[in-house]
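Read the structure below first, then the notes.
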Amino acid sequence: MADIDLDHLQRLAALRLNEAEAERAYRELEGIIHMIDAMRGIDTEGVAPMANPLDAVQRLRPDVVTENIDREAYQAVAPNVDGGFYLVPRVVE
Amino acid sequence: MSVRDISQALAAGSYSSVEITRRYLQTAESRNDAINGYISITPEVALAQAEAADARRGRGEATPLTGVPMAHKDIFCTRGVRTTCGSRMLANFVSPYDATVVEQLAHAGAVMLGKTNMDEFAMGSSNENSSFGAVSNPWDTGRVPGGSSGGSAAVVAAGMAPFATGTDTGGSIRQPAAFCGVSGLKPTYGRVSRYGMIAFASSLDQGGPMARTVADLALPFAYMAGFDARDSTSAQRSEPWLEAMRQGEVPQQSNGLRIGLPAEYMAKAGDSGAALEAAIKALEALGHSIRPVHLPHTEAAVPAYYVVAGAEASTNLSRYDGVRFGHRAEHPTDLTDLYERSRTEGFGAEVKRRILTGTYVLSVGYYDAYYRQAQKVRRLIQQDFLQAFTDVDVLLTPTTPNVAFAKAALTQDPVAMYAQDVFTTPASLAGLPALSLPCGFLDGLPLGMQLIAPHFEEQRLLALGAQYQEATDWHTRTPEFAP
Amino acid sequence: MKWQATIGLEVHVQLATQSKIFSGAPTAYGAPPNTQACPVDLGLPGVLPVLNEQAVRMAVRFGLAIGAQINERCVFDRKNYFYPDLPKGYQISQLDHPIVGRGKLEFALPDGAQRTVTITRAHLEEDAGKSVHDAVPGATAVDLNRAGTPLLEVVSEPEMHTPAEAAAYFRALWQLVRAIGICDGQLQEGSMRCDANVSVAPTGSDTLGERTEIKNINSFRFVERAVRYEIERQIDVLESGGRIVRETRLYDDERDETRSMRAKELSDDYRYFPDPDLLPVEIDAAFIEAVRADMPELPSARQARFETDLGLPADRAAALAEDAELANYFEAMTAAEADPVLAANWLLNDVAARLNADELGIRQSPVAAEDLAMLVRRLSDDTLSSKTARTVFDRLWAGARGVDAIIEQEGLKQMDDSDALAAIVAEVVAGNPDQAEQFRAGKDKVLGFFVGQIMKRTQGKANPKQVNILLREALK
């Protein structure tokens, strides 16, 4: 069966489920991983991974300033700002 | 009413945009309690746009879409109107900018009635994952409308909008179209700009139109499509037929097409088997030839899809951290607490499930076995299609393995829910355009069939679909909707 | 036991583009918080990145300058972790397919010895914003102006062994990126920041010791001090029987020490994968050739040319060549027919001292290269003496224009009327009989007194050579 370290996954994903949710999530993840395991056996020897369906290449943008910055508009949806800064709980570096 | 009828009536001056908009607003408002297809109905915006559309028509500057009411899936950012993506996380989010699709349709003069309900962050096949309540299927309100564009499908089916935008990552336009008895087009990946369309899985997401009939898809599709310099994955092409479509032309099918029936799909057609047989006969009668094809990696599509989509989603959704926008937990004790509680409170169960799945398949030790392998399988699936298209012009398949299921039937079993996507995920992984259109009924519930074409051949799908609808009447049936 | 240290540097070079690497937002330094960040930089829902061509061009230019392979195809990856200055919850960077492959950097150590350090790779990525801890009481304030600024991360092999070597490498890289015009080199603004990987092992050991990483060093001096401190710390730990723990440390320049950054243990699993919003970048031969054709001359080549073509002494040639803008100014002077050696001396002495005193860069010099060139020419043709030349320079610095006009207005032209001068000489000699006697008695130094007197009488306009000849004649 799949080797799921749910605490580790939650830490990486910045999620914190309560006990009941975690128990259910673990069970469901097991089922999902079992389902996706079905493609692991397919012979893909020599097949190039496909990251994008069109196999296109990156277009480059001219180095020109095109944006008019409207801080007030952008920060109208911010939950906690002061003096133009976004605020988070104090971080000690 | 069809998009074409409204467009022609507006052009003929039979009524004004304000009049038709009012009528739709009324219907939308009166039916929304039962259907819950709209998260927001926006009469002020709609009437202002309708007035502007009428003025524009007066100046002789109207496009065929000017003044036509419509609805946007609530995944498209709209400046000044909140964009929730079906999530508590964005319950109060008002975007400071318009999505390219929104901009283009507004520019053409379309009138926005409101924003439609959807599975949270477009993750779901039943529209039961919305933080704004489940959507009801207008054919049977005890059943789901499909997802994730379930709100768009339902409002079109219930006559609450002539057309709506949707997005499709693994079937989110086609499956609800099939469940609600409407037509829906998932264009080629890269055809419609993703800028301002809130990301679920970047290499799969694609916006497209939903309407009663295939003919009604052409006009909105033509205005949604086009190159956008703000989207690196937007395709830079010039197609004269798109311009013609913008002028109101519906593509005509003349030559007999070679239509492929993938054996791997037909074997699982389930509910739609009989209806598909009838559709095949109708298509043959129209002069097209049918031949069997094989798409041997079909079964790997759902697993590969859930790996790729989960991986991309898990990091696309990292920006929802309670700092710059969106839900923020109250009184965080420290930074980690802020992140973890904001996200845990803001996201619903399915979104968390996908984030955890995606985190798992990208993490050290699992990347090669899952993510990399899925990308390789993805290429095999695409190669299956490219191989088939050397022999046929278009593929015909069922859209879904069953008719709309009852609410709550699958909510306890995510894997069974994911299996709903069996016929839609392969074309998504391959980036191909695919159309779902009504092809019959079972126990009073609509059935859909899917047409898949080579990259950038949407014209072929629309032409064939429209021709089929001229010969059949499934698309003309409407639910006996009693509000 | 004797120990040998091994040092590798990762230097983040901010590329001097007009707009951000993935958005059309401006990149001004020192602007009010969050006024240089557009929806793309803020990671608002729905936004998408598009790659800046100039950032690619600058990376290629760097690759060519270090003789590196430019990879035909490079890929942008997402590096996933949560931090307030990282708006999307991932940084767009390059892991497996960087734009620039292996190259090398040659430079001189302070003792003159030449060193070559291998550069493993250089890749493009986006900068993060800044967390400010003292702007708002009790909170960390986030400014995303810097978020999305293009960075070229230059990774060296662990091939250096002394703090001085590490500092010299960092300085050489600084000179190079300025010379090729891809970075403004403003270290105090964080335009170049360096992480140092340091390990120690017994001398002669063929394996490296466990390493630590010192983050975010932003001056030549601090590189040297931080690396020195860290080497000594590691040796102390090992000699007292301890073990080095692989960790990230922060250099505190006020205390001159490194300390463990426990608070910023970001992640042990970044889940890198190709960014699906961006496509692989293909760089073809034509693109590379266009960049090559555009490439400014490298400092080493320029120094050599200054020595062989213009006859500058090595130290002057090096001093000019290492500062691209100074060298450009110098070449504008020689193009205006100034004598190269005189021009170099003026630039590196008088002009440099003045700029220094006024805290200006050569670009802000109030004296145009053409004016300074004319001043040097007037020195060469003896119109000006070194004294009057300084007067002219003062006027130019104060904003006057046109060397000949200044000479004319101020009457600074050197006296070339030898009869008039001879008369002054005779007068001065006659007026100072005691000193004349001393000279004749063999006290040569007194000649200086007479020269000074004559210069005073002529207001410095006499030609010193001529004065000398006439004086010796008159004092016979």
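Simple scheme: letters A, B, ... for chains in structure tokens order, numbers from 1 for residues in each chain, numbers from 1 for ligands in the order shown.
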Test item: residues at most 9 Å from Leu432 in chain B, only C-alpha atoms, excluding those fewer than 6 positions along its chain, as a PyMOL selection string: (chain A and resi 53) or (chain B and resi 186-189+382+385+426+452-457)
Proximity check chain A to chain B, 9 Å, nearest pairs one decimal Å, only C-alpha atoms, as a tab-separated table:
```
residue	atom	partner	partner_atom	distance
A:Ile4	CA	B:Tyr360	CA	7.9
A:Asp5	CA	B:Tyr360	CA	8.9
A:Leu6	CA	B:Leu356	CA	8.2
A:Leu9	CA	B:Leu356	CA	6.3
A:Gln10	CA	B:Leu356	CA	7.1
A:Arg11	CA	B:Glu340	CA	8.4
A:Leu12	CA	B:Thr359	CA	7.4
A:Ala13	CA	B:Thr359	CA	6.8
A:Ala14	CA	B:Glu340	CA	4.7
A:Leu15	CA	B:Glu340	CA	4.6
A:Arg16	CA	B:Glu340	CA	5.7
A:Leu17	CA	B:Thr344	CA	6.8
A:Glu21	CA	B:Ala349	CA	8.6
A:Ala25	CA	B:Arg353	CA	6.8
A:Glu28	CA	B:Pro414	CA	7.2
A:Leu29	CA	B:Thr357	CA	6.8
A:Gly31	CA	B:Val415	CA	6.8
A:Ile32	CA	B:Val415	CA	6.1
A:Ile33	CA	B:Thr357	CA	7.8
A:Met35	CA	B:Pro303	CA	6.2
A:Ile36	CA	B:Pro303	CA	4.2
A:Asp37	CA	B:Pro303	CA	7.3
A:Ala38	CA	B:Pro303	CA	6.7
A:Met39	CA	B:Ala300	CA	5.3
A:Arg40	CA	B:Ala369	CA	6.7
A:Ile42	CA	B:Val377	CA	7.6
A:Asp43	CA	B:Val377	CA	8.7
A:Thr44	CA	B:Lys376	CA	6.2
A:Glu45	CA	B:Lys376	CA	8.9
A:Val47	CA	B:Lys376	CA	5.8
A:Ala48	CA	B:Lys376	CA	5.9
A:Pro49	CA	B:Lys376	CA	4.2
A:Met50	CA	B:Gln375	CA	4.9
A:Ala51	CA	B:Gln375	CA	6.3
A:Asn52	CA	B:Ser203	CA	5.7
A:Pro53	CA	B:Gly431	CA	5.1
A:Leu54	CA	B:Gly431	CA	7.1
A:Ala56	CA	B:Thr233	CA	7.9
A:Val57	CA	B:Thr233	CA	8.6
A:Gln58	CA	B:Ser232	CA	6.5
A:Arg59	CA	B:Ser232	CA	6.3
A:Leu60	CA	B:Ser232	CA	8.4
A:Arg61	CA	B:Ala229	CA	8.1
A:Ala73	CA	B:Pro96	CA	6.2
A:Tyr74	CA	B:Pro96	CA	6.2
A:Gln75	CA	B:Arg324	CA	7.2
A:Ala76	CA	B:Val94	CA	8.5
A:Val77	CA	B:Phe325	CA	5.2
A:Ala78	CA	B:Phe325	CA	4.5
A:Pro79	CA	B:Phe325	CA	6.2
A:Asn80	CA	B:Val323	CA	7.2
A:Val81	CA	B:Arg324	CA	8.6
A:Tyr86	CA	B:Arg324	CA	6.7
A:Leu87	CA	B:Val323	CA	7.1
A:Val88	CA	B:Leu335	CA	6.6
A:Pro89	CA	B:Asp334	CA	5.2
A:Arg90	CA	B:Asp334	CA	6.9
A:Val91	CA	B:Leu335	CA	6.9
```
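Secondary structure from DSSP on the backbone puts strand (DSSP E) at the following positions of range 433-481 of chain B: Ala434, Leu435, Ser436, Leu437, Pro438, Cys439, Gly440, Phe441, Leu442, Leu445, Pro446, Leu447, Gly448, Met449, Gln450, Leu451 and Ile452 of chain B.
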Distance cut-off 7 Å, counting only C-alpha atoms - which residues of chain C neighbour chain B? Return them as a list in words.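 For chain C, the answer reads Gly43, Pro45, Gly46, Val47, Leu48, Pro49, Val50, Pro87, Lys88, Gly89, Asp269, Arg271, Pro276, Asp277 and Leu278 of chain C.
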Residues of the last selection are to be written out with N, CA and C atoms, as a PDB file, in the first residue's frame.
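Saved to result_29.pdb:
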```
ATOM      1  N   GLY C  43       1.071  38.015  -7.733  1.00  0.00           N
ATOM      2  CA  GLY C  43       0.496  36.676  -7.800  1.00  0.00           C
ATOM      3  C   GLY C  43      -1.006  36.680  -7.606  1.00  0.00           C
ATOM      4  N   PRO C  45      -4.943  36.091  -8.388  1.00  0.00           N
ATOM      5  CA  PRO C  45      -5.575  34.985  -9.100  1.00  0.00           C
ATOM      6  C   PRO C  45      -5.691  35.301 -10.603  1.00  0.00           C
ATOM      7  N   GLY C  46      -5.353  34.316 -11.428  1.00  0.00           N
ATOM      8  CA  GLY C  46      -5.561  34.453 -12.869  1.00  0.00           C
ATOM      9  C   GLY C  46      -4.408  35.009 -13.679  1.00  0.00           C
ATOM     10  N   VAL C  47      -3.401  35.562 -13.035  1.00  0.00           N
ATOM     11  CA  VAL C  47      -2.331  36.187 -13.811  1.00  0.00           C
ATOM     12  C   VAL C  47      -1.352  35.143 -14.350  1.00  0.00           C
ATOM     13  N   LEU C  48      -0.611  35.525 -15.376  1.00  0.00           N
ATOM     14  CA  LEU C  48       0.318  34.597 -16.027  1.00  0.00           C
ATOM     15  C   LEU C  48       1.637  35.303 -16.342  1.00  0.00           C
ATOM     16  N   PRO C  49       2.735  34.557 -16.329  1.00  0.00           N
ATOM     17  CA  PRO C  49       4.046  35.138 -16.626  1.00  0.00           C
ATOM     18  C   PRO C  49       4.374  35.104 -18.124  1.00  0.00           C
ATOM     19  N   VAL C  50       5.055  36.138 -18.608  1.00  0.00           N
ATOM     20  CA  VAL C  50       5.602  36.111 -19.972  1.00  0.00           C
ATOM     21  C   VAL C  50       7.055  36.578 -19.874  1.00  0.00           C
ATOM     22  N   PRO C  87       5.266  35.768  -3.356  1.00  0.00           N
ATOM     23  CA  PRO C  87       3.805  35.915  -3.470  1.00  0.00           C
ATOM     24  C   PRO C  87       3.075  34.677  -3.991  1.00  0.00           C
ATOM     25  N   LYS C  88       3.638  33.945  -4.911  1.00  0.00           N
ATOM     26  CA  LYS C  88       2.891  32.836  -5.503  1.00  0.00           C
ATOM     27  C   LYS C  88       3.027  31.542  -4.703  1.00  0.00           C
ATOM     28  N   GLY C  89       3.904  31.562  -3.700  1.00  0.00           N
ATOM     29  CA  GLY C  89       4.176  30.307  -2.996  1.00  0.00           C
ATOM     30  C   GLY C  89       5.150  29.438  -3.776  1.00  0.00           C
ATOM     31  N   ASP C 269      11.849  20.038   0.908  1.00  0.00           N
ATOM     32  CA  ASP C 269      11.386  19.415  -0.336  1.00  0.00           C
ATOM     33  C   ASP C 269      10.689  20.483  -1.185  1.00  0.00           C
ATOM     34  N   ARG C 271       9.864  20.422  -4.312  1.00  0.00           N
ATOM     35  CA  ARG C 271       8.968  19.909  -5.357  1.00  0.00           C
ATOM     36  C   ARG C 271       9.110  20.680  -6.685  1.00  0.00           C
ATOM     37  N   PRO C 276       4.164  25.048 -15.798  1.00  0.00           N
ATOM     38  CA  PRO C 276       3.277  24.845 -16.944  1.00  0.00           C
ATOM     39  C   PRO C 276       2.744  26.147 -17.554  1.00  0.00           C
ATOM     40  N   ASP C 277       2.997  27.278 -16.891  1.00  0.00           N
ATOM     41  CA  ASP C 277       2.582  28.558 -17.478  1.00  0.00           C
ATOM     42  C   ASP C 277       3.624  29.096 -18.455  1.00  0.00           C
ATOM     43  N   LEU C 278       4.799  28.455 -18.461  1.00  0.00           N
ATOM     44  CA  LEU C 278       5.862  28.895 -19.363  1.00  0.00           C
ATOM     45  C   LEU C 278       6.276  27.712 -20.226  1.00  0.00           C
TER      46      LEU C 278
END
```
So that I can see what lies close to Val3 in chain B, please list as a PyMOL selection string the residues with an atom at most 9 Å from it, counting only C-alpha atoms and leaving out residues fewer than 3 positions away in the same chain. chain B and resi 6-8+65+68-69+162-163+211-213+215-217+219-220
Coordinates-based distance that separates CA of Ala153 in chain B from CA of Ser40 in chain B (Å, one decimal): 15.5 Å
